[in-house]
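A.B. asks: Structure in structure tokens, see below.
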Amino acid sequence: MVLRVASFNANSIRTRLDIVIQWLKRHKPAILCIQETKVRDFEFPESSFNEIGYHVIFKGQKSYNGVAIVSIEEPKSIIKGLEGTDDEDARFISAIYSGITIINTYVPQGYSIDSSKYQYKLQWFKKFRTFLERYLSPSSPIIWVGDLNVAPEAIDVHDPKGLLGHVCFNPEVQQALKEVKEWGFIDVFRKHHPGVPNKYTFFDYRVRNAVQREIGWRVDHILATKLIAEKSVDAYIDLKPRLQERPSDHTFVVAEFRI
DNA sequence: ATGGTGGCACCGCCA
């Protein structure tokens, strides 16, 4: 069977509920990881997912951050947060689905290189790597999904010269992500599109017709440990939701595994 | 173009 896993930064799940529900009905993924839900848990629109046959788990806060995992299978061994502050907790959720660990993260954006928020971002990657070392093994099947707020290579942004030094595009933050990858993750999207430019998942609202003009960033990712990455058969970005009315600034990324 | 848009909460902050 094919296991379809997707990621979407909703930039408010309540504002984007129709887009998400329609997308689920059409694409029928086994797993959809959502970031920036921007809603407290008691206000999360859980029943909308249940009504179309999906489970959903979530960890959020008011206005900012918030993550959720939507699934066909029932989640087991749910972990919400990295046992830190409210901000940290609303950036991490994980569970096991049919023996596969799904980790959904919304990595801090960082604001600017000289801000403490950027240091917090770098520290977040270290804390996440420590979590992996402590609780998981790279020889087990793990899929790490999320808005990682890092474009890993020059090919992942529309203007690598102009954007160099941005909090999401500089050697230091790329190294921070790399150190987590080196624990045992493979970039499943890039595996299927090696060296292919203009593959973006985020388009700034402030840039007019950014999708049509291919002025974007690849910051939303699906990675997997070796065992499961070897079973991926396809990966793609669905730009159609970014062209709808009232879109999120991000769009859907999908990976498919034959398991 | 040193701007621009969008969500949410509250009259600024974050992306």
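Residue numbers start at 1 in each chain; chains themselves are named A, B, ... in the order of the structure tokens; ligands are numbered from 1 in the order shown.
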Using only C-alpha atoms (C1' of nucleotides) and a distance of at most 6 Å, pull out the residues of chain B that contact chain A, as a PyMOL selection string.
C.D. replies: chain B and resi 4-5+8
A.B. asks: From the DSSP assignment of the backbone, select every residue of segment 64-249 of chain A that is alpha helix (DSSP H), and format the answer as a VMD selection string.
C.D. replies: chain A and resid 86 to 89 116 to 135 160 to 163 171 to 181 188 to 192 226 to 229 240 to 243
A.B. asks: Could you give me, as a list in words, the residues within 9 Å of Arg40 of chain A, counting only C-alpha atoms (C1' of nucleotides) and dropping anything in the same chain fewer than 3 positions from it?
C.D. replies: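 My reading of the contact set: Thr37, Glu43, Phe44, Lys59, Gly60, Gln61, Lys62, Ser63 and Gly66 of chain A.
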A.B. asks: Go ahead and write the selection's residues with N, CA and C atoms as an mmCIF file, in the first residue's frame.
C.D. replies:
```cif
data_model
loop_
_atom_site.group_PDB
_atom_site.id
_atom_site.type_symbol
_atom_site.label_atom_id
_atom_site.label_comp_id
_atom_site.auth_asym_id
_atom_site.auth_seq_id
_atom_site.Cartn_x
_atom_site.Cartn_y
_atom_site.Cartn_z
ATOM 1 N N THR A 37 -1.364 26.647 13.614
ATOM 2 C CA THR A 37 -2.816 26.532 13.771
ATOM 3 C C THR A 37 -3.391 27.777 14.458
ATOM 4 N N GLU A 43 -10.448 25.431 21.568
ATOM 5 C CA GLU A 43 -11.140 26.037 20.420
ATOM 6 C C GLU A 43 -10.811 25.337 19.100
ATOM 7 N N PHE A 44 -10.015 24.283 19.136
ATOM 8 C CA PHE A 44 -9.593 23.610 17.900
ATOM 9 C C PHE A 44 -10.799 22.960 17.213
ATOM 10 N N LYS A 59 -1.697 20.653 19.582
ATOM 11 C CA LYS A 59 -1.157 21.389 20.720
ATOM 12 C C LYS A 59 -0.990 22.826 20.258
ATOM 13 N N GLY A 60 -1.733 23.716 20.860
ATOM 14 C CA GLY A 60 -1.697 25.088 20.369
ATOM 15 C C GLY A 60 -1.638 26.119 21.477
ATOM 16 N N GLN A 61 -1.672 27.365 21.046
ATOM 17 C CA GLN A 61 -1.758 28.500 21.961
ATOM 18 C C GLN A 61 -2.435 29.639 21.192
ATOM 19 N N LYS A 62 -2.785 30.668 21.917
ATOM 20 C CA LYS A 62 -3.473 31.801 21.318
ATOM 21 C C LYS A 62 -2.553 32.549 20.345
ATOM 22 N N SER A 63 -3.061 32.860 19.170
ATOM 23 C CA SER A 63 -2.400 33.782 18.208
ATOM 24 C C SER A 63 -1.187 33.259 17.462
ATOM 25 N N GLY A 66 1.402 26.590 17.165
ATOM 26 C CA GLY A 66 0.360 25.564 17.176
ATOM 27 C C GLY A 66 0.582 24.523 16.097
#
```
A.B. asks: Check segment 167-253 of chain A with DSSP on the backbone and list each residue it calls strand (DSSP E or B), as a list in words.
C.D. replies: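 In segment 167-253 of chain A, DSSP puts these residues in strand (DSSP E or B): Phe169, Ile186, Asp187, Phe202, Trp217, Asp220, His221, Ile222, Leu223, Ala224, Ser232, Val233, Asp234, Ala235, Tyr236, Ile237, Asp238, His250, Phe252 and Val253 of chain A.
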A.B. asks: In Å, with one decimal, what is the gap from atom CA of Ser140 of chain A to atom CA of Gly195 of chain A?
C.D. replies: 28.1 Å
A.B. asks: So that I can see what lies close to Arg213 of chain A, please list as a list in words the residues with an atom at most 12 Å from it, counting only C-alpha atoms (C1' of nucleotides) and leaving out residues fewer than 3 positions away in the same chain.
C.D. replies: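 My list of contacting residues is His158, Asn198, Tyr200, Phe203, Asp204, Val207, Arg208, Asn209, Ala210 and Gly216 of chain A.
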A.B. asks: Using only N, CA and C atoms, please write the residues we just selected to a file, as a compact mmCIF listing (two decimals), in the first residue's frame.
C.D. replies:
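Printed below is result-v9.txt as written:
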```
# COMPACT_ATOMS: atom_id res chain seq x y z
N HIS A 158 14.63 31.64 -4.35
CA HIS A 158 14.60 32.25 -5.68
C HIS A 158 15.79 33.18 -5.92
N ASN A 198 13.43 25.99 -8.46
CA ASN A 198 12.05 26.51 -8.49
C ASN A 198 11.04 25.56 -7.88
N TYR A 200 9.25 25.45 -4.61
CA TYR A 200 9.04 26.24 -3.41
C TYR A 200 7.74 25.89 -2.69
N PHE A 203 5.50 31.39 -0.25
CA PHE A 203 5.52 32.58 -1.11
C PHE A 203 5.01 33.75 -0.29
N ASP A 204 5.85 34.75 -0.14
CA ASP A 204 5.52 35.92 0.68
C ASP A 204 4.26 36.62 0.15
N VAL A 207 4.68 39.83 -2.02
CA VAL A 207 5.16 39.77 -3.40
C VAL A 207 3.99 39.43 -4.31
N ARG A 208 3.65 40.35 -5.19
CA ARG A 208 2.49 40.11 -6.06
C ARG A 208 2.76 38.98 -7.07
N ASN A 209 1.76 38.11 -7.20
CA ASN A 209 1.86 36.97 -8.14
C ASN A 209 3.14 36.16 -7.92
N ALA A 210 3.48 35.97 -6.65
CA ALA A 210 4.75 35.31 -6.32
C ALA A 210 4.81 33.88 -6.88
N GLY A 216 9.84 32.29 -4.44
CA GLY A 216 9.49 31.54 -3.23
C GLY A 216 10.68 30.94 -2.52
```
A.B. asks: Using only C-alpha atoms (C1' of nucleotides), which residues sit within 12 Å of His192 of chain A once same-chain residues fewer than 6 positions away are excluded, as a list in words?
C.D. replies: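 Using only C-alpha atoms (C1' of nucleotides), the neighbours found are Ile186, Lys199, Ile222, Leu223, Ala229, Glu230, Lys231, Ser232, Val233, Asp234, Ala235, Tyr236, Ile237, Val254, Ala255, Glu256 and Phe257 of chain A.
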A.B. asks: Given the selection you just returned, output its residues as a file containing C-alpha atoms, formatted as a compact mmCIF listing (two decimals), in the first residue's frame.
C.D. replies:
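Output saved as again_4.txt:
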```
# COMPACT_ATOMS: atom_id res chain seq x y z
CA ILE A 186 17.08 12.06 4.47
CA LYS A 199 10.51 24.01 -6.09
CA ILE A 222 9.42 15.92 4.74
CA LEU A 223 12.41 13.93 5.95
CA ALA A 229 13.20 7.03 3.05
CA GLU A 230 14.24 4.07 0.89
CA LYS A 231 10.56 3.24 0.55
CA SER A 232 9.53 6.65 -0.77
CA VAL A 233 8.22 6.50 -4.33
CA ASP A 234 7.27 10.13 -4.99
CA ALA A 235 7.23 13.63 -3.49
CA TYR A 236 5.62 16.81 -4.75
CA ILE A 237 4.42 20.31 -3.93
CA VAL A 254 3.51 15.55 -0.05
CA ALA A 255 5.60 12.38 0.09
CA GLU A 256 4.47 8.88 -0.77
CA PHE A 257 5.93 5.68 0.63
```
A.B. asks: What is the distance between atom CA of Phe92 of chain A and atom CA of Leu32 of chain A, in Å to one decimal?
C.D. replies: 14.3 Å
A.B. asks: Could you name the residues that touch Gly165 of chain A at 12 Å or less, counting only C-alpha atoms (C1' of nucleotides), but leaving out those on the same chain fewer than 3 positions away, as a list in words?
C.D. replies: Gly110, Tyr111, Ser112, Ile113, Asp114, Tyr118, Val150, Ala151, Ala154, Asp159, Pro160, Lys161, Gly162, Cys168, Phe169, Asn170, Pro171, Glu172, Val173 and Gln174 of chain A
A.B. asks: Would you work out the distance separating atom CA of Trp124 of chain A from atom CA of Ala176 of chain A, expressed in Å to one decimal?
C.D. replies: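 It comes out at 9.2 Å.
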A.B. asks: With only C-alpha atoms (C1' of nucleotides) as the basis for distance, which of A:Glu182, A:Asp238, A:Asp156, A:Glu36 is at the shortest distance from DA15 of chain B?
C.D. replies: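 Using only C-alpha atoms (C1' of nucleotides), DA15 of chain B sits closest to A:Glu36.
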